[in-house]
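Undergrad: One structure coming up, written as structure tokens, with questions to follow.
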Amino acid sequence: MNDIAHYINGSATSGTSSRTQAVYDPATGESENNVLLASASDVDTAVAAAKAAWPRWSKTPALRRARILDRFKSILWERADELAGILASEHGKTHDDALGEVTRGLEVVEFAIGAPSFLKGDFSENVGTGVDSHNIRQSLGVCAGITPFNFPAMVPMWMFPVSLACGNTFVLKPSERVPSASLKMAEWLTEAGLPDGVFNVVQGDKEAVDALLHHPDVKAISFVGSTPIAKYIYTTGTSNGKRVQALGGAKNHAIIMPDADLDMTANALMGAAYGSAGERCMAISVAVPVSDAVADALIEKLVPKINALKIGPTSDSDSEMGPLVTAQHRDRVSGYIDAGESEGAKVVVDGRGFKQDKQGFENGYYLGGTLLDNVTPDMSVWKEEIFGPVLSVVRRNSYQEALDLVHSHEFANGTAIFTRDGDTARAFSQDVEVGMIGINVPIPVPMAFHSFGGWKASIFGDHHMHGMEGVRFYTRIKTTTTRWPDGQRSDAEFVMPTLG
């Protein structure tokens, strides 16, 4: 067994803890690696390295910081396949899906390279007689990121490129299920010229998380994960005086209007519901057809597509959907299907019986695509985030009923509407109380120069991630007001100056 280590002060280190956890390949169900789980002492070491590096890094001109990130961007472009392979082997997503993840993360790096522009301050002349005022954005100090298993590269890159560009130093605590991508990015940042201690990685579990939350030298925490943990991160972090952005769970609805292009809608729902085995916080997990006729027609189009899903390991280039991340999570998702059936939902396509017959992958954590009809808001499959390849159909009779359904859920991360009518689309975009909206776009993840984040129980904190909201989160404003005494002014003199 190989040990996956931490990365502190510019090099890999085993740390002081003897605790480890197996890292599995979801495609095979086998483990060849252990990840080292950091102790509070290991976290102290990482934070100390980041704190020591901060004074010099924060005073490094933004242009020079941007050049290092630009070199890191080039490395990512050149080695995207390598990083995608690491992601796929530990998460289980297909290689093409992993490549897409790397690309979306890289886009945030591209945004962060613009630091010399977005860190410019403001100046006001003569705010009072002879008085000027200006403000600047300065870094916070040591920042930390706690990231989930489903995007081992992209979600960290929602955080650290902007944080570093703004002059902060960073400690990343990735999911212990998918630890290797973080180490590879740390190595490439060092190769790009990032000074030692500016970016550090501590592998670990709750012990490492709590150490970061309570550490007095950590000034800000970024988190993505489930809502209960997001609430815990936010409450604990802010009670310890930290700035916190904590993104939580999601239950994303897609309203399908009677005038929608159902062929386009069905294809969009396939990717949005079953891509990455549904393990996306922006996955569409609820389809809301307006009228029974639309529901019946949509299901008729979906069923053959779901049955034809190519489910297999990332090593198979034909695979459209891979396994779930762990056996426990697969069983949890299967349990939701059981619950939905017992509560009265109709199982139109049942993924519980899927068996992987590819040689060597029979013990992987596979589950087939599932479609549930006649789901109602009192069912657990509607209330809770399943995070698996399960699409629920909740029928409604009008646009307003569909909108009310979306509003009645505690989560408000993303939503979409499929329609040809501009008036309906515009009204939906204006009226729906959700953070990210798609109009005939099933997964409306904003580009890096916009910001990512939901509403209601999908976020805790005031700032969304990346884009200018990310810049605001990772900086604080300092305003200086200036008055100078009257100077001694005289005309030009052409004689030799003397001291007399």
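Simple scheme: letters A, B, ... for chains in structure tokens order, numbers from 1 for residues in each chain, numbers from 1 for ligands in the order shown.
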So that I can check the surroundings of Gly92 of chain A, please list as a ChimeraX atom specification every protein, DNA and RNA residue that reaches within 10 Å of it, counting only C-alpha atoms and ignoring chain neighbours fewer than 3 positions away.
TA: /A:24-28,85-89,95,97-98,150,276-277,312-315,321-326,364-366
Undergrad: Quick one: contact table of segment 121-224 of chain A to segment 8-21 of chain A, 12 Å max, nearest atom pair and distance in Å to one decimal per residue, counting only C-alpha atoms, chain and number order, as a Markdown table?
TA:
| residue | atom | partner | partner_atom | distance |
| --- | --- | --- | --- | --- |
| A:Thr169 | CA | A:Asn9 | CA | 11.0 |
| A:Phe170 | CA | A:Ile8 | CA | 10.5 |
| A:Val171 | CA | A:Ile8 | CA | 8.8 |
| A:Leu172 | CA | A:Ile8 | CA | 10.3 |
| A:Lys173 | CA | A:Ile8 | CA | 11.8 |
| A:Ser175 | CA | A:Gln21 | CA | 11.4 |
| A:Glu176 | CA | A:Gln21 | CA | 7.7 |
| A:Arg177 | CA | A:Gln21 | CA | 8.5 |
| A:Val178 | CA | A:Gln21 | CA | 11.1 |
| A:Pro179 | CA | A:Gln21 | CA | 10.7 |
| A:Ser180 | CA | A:Ala12 | CA | 11.7 |
| A:Ser182 | CA | A:Ala12 | CA | 11.4 |
| A:Leu183 | CA | A:Ala12 | CA | 8.1 |
| A:Lys184 | CA | A:Ala12 | CA | 10.4 |
| A:Met185 | CA | A:Gly10 | CA | 11.7 |
| A:Ala186 | CA | A:Gly10 | CA | 8.1 |
| A:Glu187 | CA | A:Ser11 | CA | 7.7 |
| A:Trp188 | CA | A:Gly10 | CA | 10.5 |
| A:Leu189 | CA | A:Gly10 | CA | 9.2 |
| A:Thr190 | CA | A:Gly10 | CA | 6.6 |
| A:Glu191 | CA | A:Gly10 | CA | 9.8 |
| A:Ala192 | CA | A:Gly10 | CA | 11.8 |
| A:Gly193 | CA | A:Gly10 | CA | 10.4 |
| A:Leu194 | CA | A:Gly10 | CA | 8.6 |
| A:Pro195 | CA | A:Gly10 | CA | 7.4 |
| A:Asp196 | CA | A:Gly10 | CA | 4.3 |
| A:Gly197 | CA | A:Asn9 | CA | 3.9 |
| A:Val198 | CA | A:Asn9 | CA | 7.4 |
| A:Phe199 | CA | A:Asn9 | CA | 7.5 |
| A:Asn200 | CA | A:Ile8 | CA | 4.8 |
| A:Val201 | CA | A:Ile8 | CA | 6.3 |
| A:Val202 | CA | A:Ile8 | CA | 7.6 |
| A:Gln203 | CA | A:Thr20 | CA | 9.8 |
| A:Gly204 | CA | A:Thr20 | CA | 8.6 |
| A:Asp205 | CA | A:Gln21 | CA | 9.5 |
| A:Glu207 | CA | A:Arg19 | CA | 10.9 |
| A:Ala208 | CA | A:Ser17 | CA | 11.0 |
Undergrad: Please, could you write that set of residues out with N, CA, C and O atoms as a compact mmCIF listing (two decimals), in the first residue's frame?
TA:
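part.txt, written as the output of this step:
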# COMPACT_ATOMS: atom_id res chain seq x y z
N THR A 169 -2.27 33.54 1.64
CA THR A 169 -1.71 32.20 1.58
C THR A 169 -2.82 31.21 1.91
O THR A 169 -3.88 31.60 2.41
N PHE A 170 -2.61 29.92 1.62
CA PHE A 170 -3.75 29.00 1.59
C PHE A 170 -3.38 27.64 2.15
O PHE A 170 -2.28 27.12 1.92
N VAL A 171 -4.34 27.06 2.89
CA VAL A 171 -4.26 25.67 3.35
C VAL A 171 -5.50 24.94 2.85
O VAL A 171 -6.62 25.31 3.18
N LEU A 172 -5.29 23.91 2.05
CA LEU A 172 -6.39 23.13 1.47
C LEU A 172 -6.56 21.83 2.22
O LEU A 172 -5.59 21.09 2.43
N LYS A 173 -7.80 21.52 2.63
CA LYS A 173 -8.13 20.22 3.22
C LYS A 173 -9.11 19.54 2.28
O LYS A 173 -10.31 19.77 2.33
N SER A 175 -11.23 16.32 0.38
CA SER A 175 -11.90 15.12 0.87
C SER A 175 -10.90 13.98 0.94
O SER A 175 -10.11 13.74 0.02
N GLU A 176 -10.95 13.25 2.05
CA GLU A 176 -10.05 12.12 2.23
C GLU A 176 -10.37 10.98 1.26
O GLU A 176 -9.57 10.05 1.11
N ARG A 177 -11.52 11.02 0.59
CA ARG A 177 -11.85 9.98 -0.39
C ARG A 177 -11.09 10.19 -1.70
O ARG A 177 -10.89 9.24 -2.45
N VAL A 178 -10.73 11.44 -1.99
CA VAL A 178 -10.11 11.78 -3.29
C VAL A 178 -8.92 12.71 -3.05
O VAL A 178 -8.93 13.87 -3.47
N PRO A 179 -7.86 12.24 -2.43
CA PRO A 179 -6.81 13.14 -1.95
C PRO A 179 -5.71 13.48 -2.96
O PRO A 179 -4.96 14.45 -2.74
N SER A 180 -5.57 12.71 -4.03
CA SER A 180 -4.35 12.81 -4.84
C SER A 180 -4.29 14.04 -5.73
O SER A 180 -3.20 14.57 -5.99
N SER A 182 -5.13 17.05 -5.16
CA SER A 182 -4.64 18.23 -4.44
C SER A 182 -3.11 18.24 -4.38
O SER A 182 -2.48 19.29 -4.50
N LEU A 183 -2.51 17.07 -4.20
CA LEU A 183 -1.06 16.99 -4.16
C LEU A 183 -0.45 17.33 -5.51
O LEU A 183 0.58 18.02 -5.59
N LYS A 184 -1.07 16.85 -6.56
CA LYS A 184 -0.54 17.13 -7.89
C LYS A 184 -0.61 18.62 -8.19
O LYS A 184 0.36 19.21 -8.72
N MET A 185 -1.71 19.28 -7.83
CA MET A 185 -1.81 20.72 -8.05
C MET A 185 -0.80 21.48 -7.21
O MET A 185 -0.23 22.48 -7.66
N ALA A 186 -0.55 21.02 -5.99
CA ALA A 186 0.45 21.67 -5.15
C ALA A 186 1.84 21.58 -5.77
O ALA A 186 2.61 22.55 -5.80
N GLU A 187 2.17 20.40 -6.30
CA GLU A 187 3.46 20.22 -6.96
C GLU A 187 3.59 21.15 -8.17
O GLU A 187 4.65 21.75 -8.40
N TRP A 188 2.53 21.27 -8.93
CA TRP A 188 2.57 22.10 -10.14
C TRP A 188 2.64 23.59 -9.79
O TRP A 188 3.27 24.36 -10.52
N LEU A 189 2.01 23.99 -8.70
CA LEU A 189 2.14 25.38 -8.26
C LEU A 189 3.59 25.69 -7.89
O LEU A 189 4.11 26.76 -8.23
N THR A 190 4.23 24.77 -7.19
CA THR A 190 5.64 24.96 -6.87
C THR A 190 6.48 25.03 -8.13
O THR A 190 7.37 25.89 -8.28
N GLU A 191 6.20 24.16 -9.09
CA GLU A 191 6.91 24.17 -10.36
C GLU A 191 6.70 25.50 -11.09
O GLU A 191 7.62 25.99 -11.78
N ALA A 192 5.54 26.08 -10.94
CA ALA A 192 5.23 27.35 -11.61
C ALA A 192 5.93 28.54 -10.94
O ALA A 192 5.91 29.64 -11.49
N GLY A 193 6.53 28.31 -9.78
CA GLY A 193 7.27 29.38 -9.13
C GLY A 193 6.64 29.91 -7.86
O GLY A 193 7.11 30.91 -7.31
N LEU A 194 5.58 29.26 -7.37
CA LEU A 194 4.95 29.73 -6.15
C LEU A 194 5.91 29.53 -4.98
O LEU A 194 6.43 28.42 -4.79
N PRO A 195 6.15 30.55 -4.16
CA PRO A 195 7.07 30.40 -3.03
C PRO A 195 6.59 29.35 -2.03
O PRO A 195 5.38 29.14 -1.86
N ASP A 196 7.52 28.72 -1.37
CA ASP A 196 7.20 27.71 -0.36
C ASP A 196 6.31 28.32 0.73
O ASP A 196 6.51 29.45 1.15
N GLY A 197 5.32 27.53 1.16
CA GLY A 197 4.43 27.95 2.23
C GLY A 197 3.21 28.71 1.79
O GLY A 197 2.26 28.85 2.57
N VAL A 198 3.19 29.18 0.54
CA VAL A 198 2.03 29.96 0.08
C VAL A 198 0.82 29.06 -0.12
O VAL A 198 -0.31 29.46 0.16
N PHE A 199 1.05 27.83 -0.59
CA PHE A 199 -0.05 26.87 -0.77
C PHE A 199 0.33 25.56 -0.10
O PHE A 199 1.40 25.00 -0.37
N ASN A 200 -0.54 25.07 0.76
CA ASN A 200 -0.28 23.86 1.54
C ASN A 200 -1.49 22.95 1.50
O ASN A 200 -2.63 23.42 1.35
N VAL A 201 -1.26 21.65 1.64
CA VAL A 201 -2.34 20.66 1.65
C VAL A 201 -2.22 19.81 2.91
O VAL A 201 -1.14 19.26 3.19
N VAL A 202 -3.30 19.73 3.67
CA VAL A 202 -3.37 18.78 4.78
C VAL A 202 -4.49 17.79 4.48
O VAL A 202 -5.64 18.17 4.30
N GLN A 203 -4.14 16.53 4.37
CA GLN A 203 -5.14 15.48 4.21
C GLN A 203 -5.78 15.23 5.58
O GLN A 203 -5.15 15.44 6.61
N GLY A 204 -7.02 14.78 5.58
CA GLY A 204 -7.59 14.49 6.89
C GLY A 204 -9.09 14.42 6.92
O GLY A 204 -9.78 14.50 5.90
N ASP A 205 -9.60 14.26 8.14
CA ASP A 205 -11.02 14.12 8.38
C ASP A 205 -11.47 15.23 9.32
O ASP A 205 -10.94 16.34 9.28
N GLU A 207 -10.96 15.81 12.40
CA GLU A 207 -9.93 16.36 13.28
C GLU A 207 -9.20 17.53 12.60
O GLU A 207 -8.95 18.56 13.23
N ALA A 208 -8.87 17.37 11.33
CA ALA A 208 -8.21 18.44 10.60
C ALA A 208 -9.15 19.62 10.37
O ALA A 208 -8.75 20.79 10.48
Undergrad: Write out as an MDAnalysis selection string the set of residues from segment 106-347 of chain A that DSSP, computed on the backbone, places in strand (DSSP E or B).
TA: chainID A and resid 122:128 131:139 142:146 169:173 199:201 218:224 243:247 252:256 284:290 311 321 346:347
Undergrad: Would you kindly return, as a PDB file with N, CA and C atoms, in the first residue's frame, each protein, DNA or RNA residue with an atom no farther than 7 Å from any atom of Thr227 of chain A, considering only C-alpha atoms and excluding same-chain residues fewer than 6 positions away?
TA:
ATOM      1  N   GLY A 248     -23.804  24.653   0.702  1.00  0.00           N
ATOM      2  CA  GLY A 248     -24.412  23.424   1.161  1.00  0.00           C
ATOM      3  C   GLY A 248     -25.110  22.641   0.068  1.00  0.00           C
ATOM      4  N   GLY A 249     -26.208  21.981   0.440  1.00  0.00           N
ATOM      5  CA  GLY A 249     -26.877  21.036  -0.434  1.00  0.00           C
ATOM      6  C   GLY A 249     -27.743  21.678  -1.501  1.00  0.00           C
ATOM      7  N   ALA A 457     -31.015  27.524   2.179  1.00  0.00           N
ATOM      8  CA  ALA A 457     -30.176  26.563   2.894  1.00  0.00           C
ATOM      9  C   ALA A 457     -29.046  26.008   2.032  1.00  0.00           C
ATOM     10  N   SER A 458     -28.872  26.534   0.823  1.00  0.00           N
ATOM     11  CA  SER A 458     -27.771  26.107  -0.034  1.00  0.00           C
ATOM     12  C   SER A 458     -26.505  26.922   0.192  1.00  0.00           C
TER      13      SER A 458
END
Undergrad: Name the residues of segment 72-252 of chain A that fall into helix (DSSP H, G or I) according to DSSP on the backbone, using the chain letters and numbers of this document, as a compact mmCIF listing (two decimals) with C-alpha atoms, in the first residue's frame.
TA:
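This is the output file part.txt:
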# COMPACT_ATOMS: atom_id res chain seq x y z
CA PHE A 72 0.34 27.21 -13.46
CA LYS A 73 -2.43 27.63 -16.04
CA SER A 74 -0.09 26.53 -18.81
CA ILE A 75 0.92 23.44 -16.82
CA LEU A 76 -2.76 22.58 -16.31
CA TRP A 77 -3.45 22.89 -20.03
CA GLU A 78 -0.49 20.71 -20.94
CA ALA A 80 -4.98 18.05 -18.18
CA ASP A 81 -5.13 14.38 -19.18
CA GLU A 82 -2.85 13.43 -16.30
CA LEU A 83 -4.95 15.27 -13.73
CA ALA A 84 -8.17 13.92 -15.25
CA GLY A 85 -6.82 10.39 -14.90
CA ILE A 86 -6.16 10.97 -11.21
CA LEU A 87 -9.67 12.36 -10.70
CA ALA A 88 -11.32 9.47 -12.52
CA SER A 89 -9.38 6.79 -10.63
CA GLU A 90 -10.43 8.07 -7.20
CA HIS A 91 -13.87 9.51 -7.93
CA HIS A 95 -12.34 10.52 -18.26
CA ASP A 96 -14.15 13.04 -20.48
CA ASP A 97 -16.16 14.26 -17.51
CA ALA A 98 -12.94 14.61 -15.50
CA LEU A 99 -11.40 16.61 -18.35
CA GLY A 100 -14.41 18.90 -18.23
CA GLU A 101 -13.85 19.38 -14.51
CA VAL A 102 -10.22 20.35 -15.06
CA THR A 103 -11.26 22.83 -17.74
CA ARG A 104 -13.86 24.52 -15.52
CA GLY A 105 -11.31 24.83 -12.73
CA LEU A 106 -8.72 26.19 -15.13
CA GLU A 107 -11.17 28.93 -16.13
CA VAL A 108 -11.03 30.26 -12.57
CA VAL A 109 -7.23 30.35 -12.81
CA GLU A 110 -7.63 32.38 -16.01
CA PHE A 111 -9.89 34.80 -14.15
CA ALA A 112 -7.43 35.07 -11.24
CA ALA A 115 -5.62 40.33 -10.47
CA PRO A 116 -3.82 43.55 -11.53
CA SER A 117 -7.15 44.79 -12.93
CA PHE A 118 -9.64 43.62 -10.31
CA MET A 154 -12.57 22.14 -9.76
CA VAL A 155 -13.89 23.07 -6.32
CA PRO A 156 -10.41 23.71 -4.86
CA MET A 157 -9.79 25.87 -7.93
CA TRP A 158 -12.95 27.83 -7.13
CA MET A 159 -11.03 28.91 -4.05
CA PHE A 160 -7.25 29.01 -4.08
CA PRO A 161 -6.46 30.79 -7.40
CA VAL A 162 -8.52 33.86 -6.41
CA SER A 163 -7.25 33.72 -2.84
CA LEU A 164 -3.61 33.55 -3.97
CA ALA A 165 -4.11 36.25 -6.59
CA SER A 180 -4.35 12.81 -4.84
CA ALA A 181 -5.42 15.67 -7.13
CA SER A 182 -4.64 18.23 -4.44
CA LEU A 183 -1.06 16.99 -4.16
CA LYS A 184 -0.54 17.13 -7.89
CA MET A 185 -1.81 20.72 -8.05
CA ALA A 186 0.45 21.67 -5.15
CA GLU A 187 3.46 20.22 -6.96
CA TRP A 188 2.57 22.10 -10.14
CA LEU A 189 2.14 25.38 -8.26
CA THR A 190 5.64 24.96 -6.87
CA GLU A 191 6.91 24.17 -10.36
CA LYS A 206 -13.00 15.97 11.06
CA GLU A 207 -9.93 16.36 13.28
CA ALA A 208 -8.21 18.44 10.60
CA VAL A 209 -11.41 20.39 9.85
CA ASP A 210 -11.90 21.32 13.50
CA ALA A 211 -8.26 22.30 13.85
CA LEU A 212 -8.67 24.75 10.96
CA LEU A 213 -11.95 26.10 12.32
CA HIS A 214 -10.44 26.83 15.71
CA THR A 227 -26.00 21.55 4.29
CA PRO A 228 -25.65 20.15 7.84
CA ILE A 229 -21.86 20.35 7.59
CA ALA A 230 -22.00 23.74 5.87
CA LYS A 231 -24.05 25.07 8.77
CA TYR A 232 -21.57 23.58 11.24
CA ILE A 233 -18.61 25.10 9.37
CA TYR A 234 -20.30 28.51 9.24
CA THR A 235 -21.41 28.52 12.87
CA THR A 236 -18.11 27.26 14.25
CA GLY A 237 -15.93 29.39 11.99
CA THR A 238 -17.76 32.65 12.57
CA SER A 239 -17.91 32.05 16.33
Undergrad: Give me, as a PyMOL selection string, all polymer residues having an atom no more than 10 Å from Glu32 of chain A, counting only C-alpha atoms and skipping those fewer than 6 positions away in the same chain.
TA: chain A and resi 1-3+22-25
Undergrad: Could you save the residues just selected, with C-alpha atoms, as a compact mmCIF listing (two decimals), in the first residue's frame?
TA:
# COMPACT_ATOMS: atom_id res chain seq x y z
CA MET A 1 0.00 0.00 0.00
CA ASN A 2 1.20 3.49 -0.85
CA ASP A 3 0.70 6.44 1.50
CA ALA A 22 -7.93 3.47 2.57
CA VAL A 23 -8.54 5.18 -0.77
CA TYR A 24 -10.59 3.06 -3.18
CA ASP A 25 -10.98 2.90 -6.93
Undergrad: Mind pulling up the distance from atom CA of Val347 of chain A to atom CA of Val375 of chain A?
TA: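 Taking atom CA of Val375 of chain A and atom CA of Val347 of chain A, their separation equals 9.8 Å.
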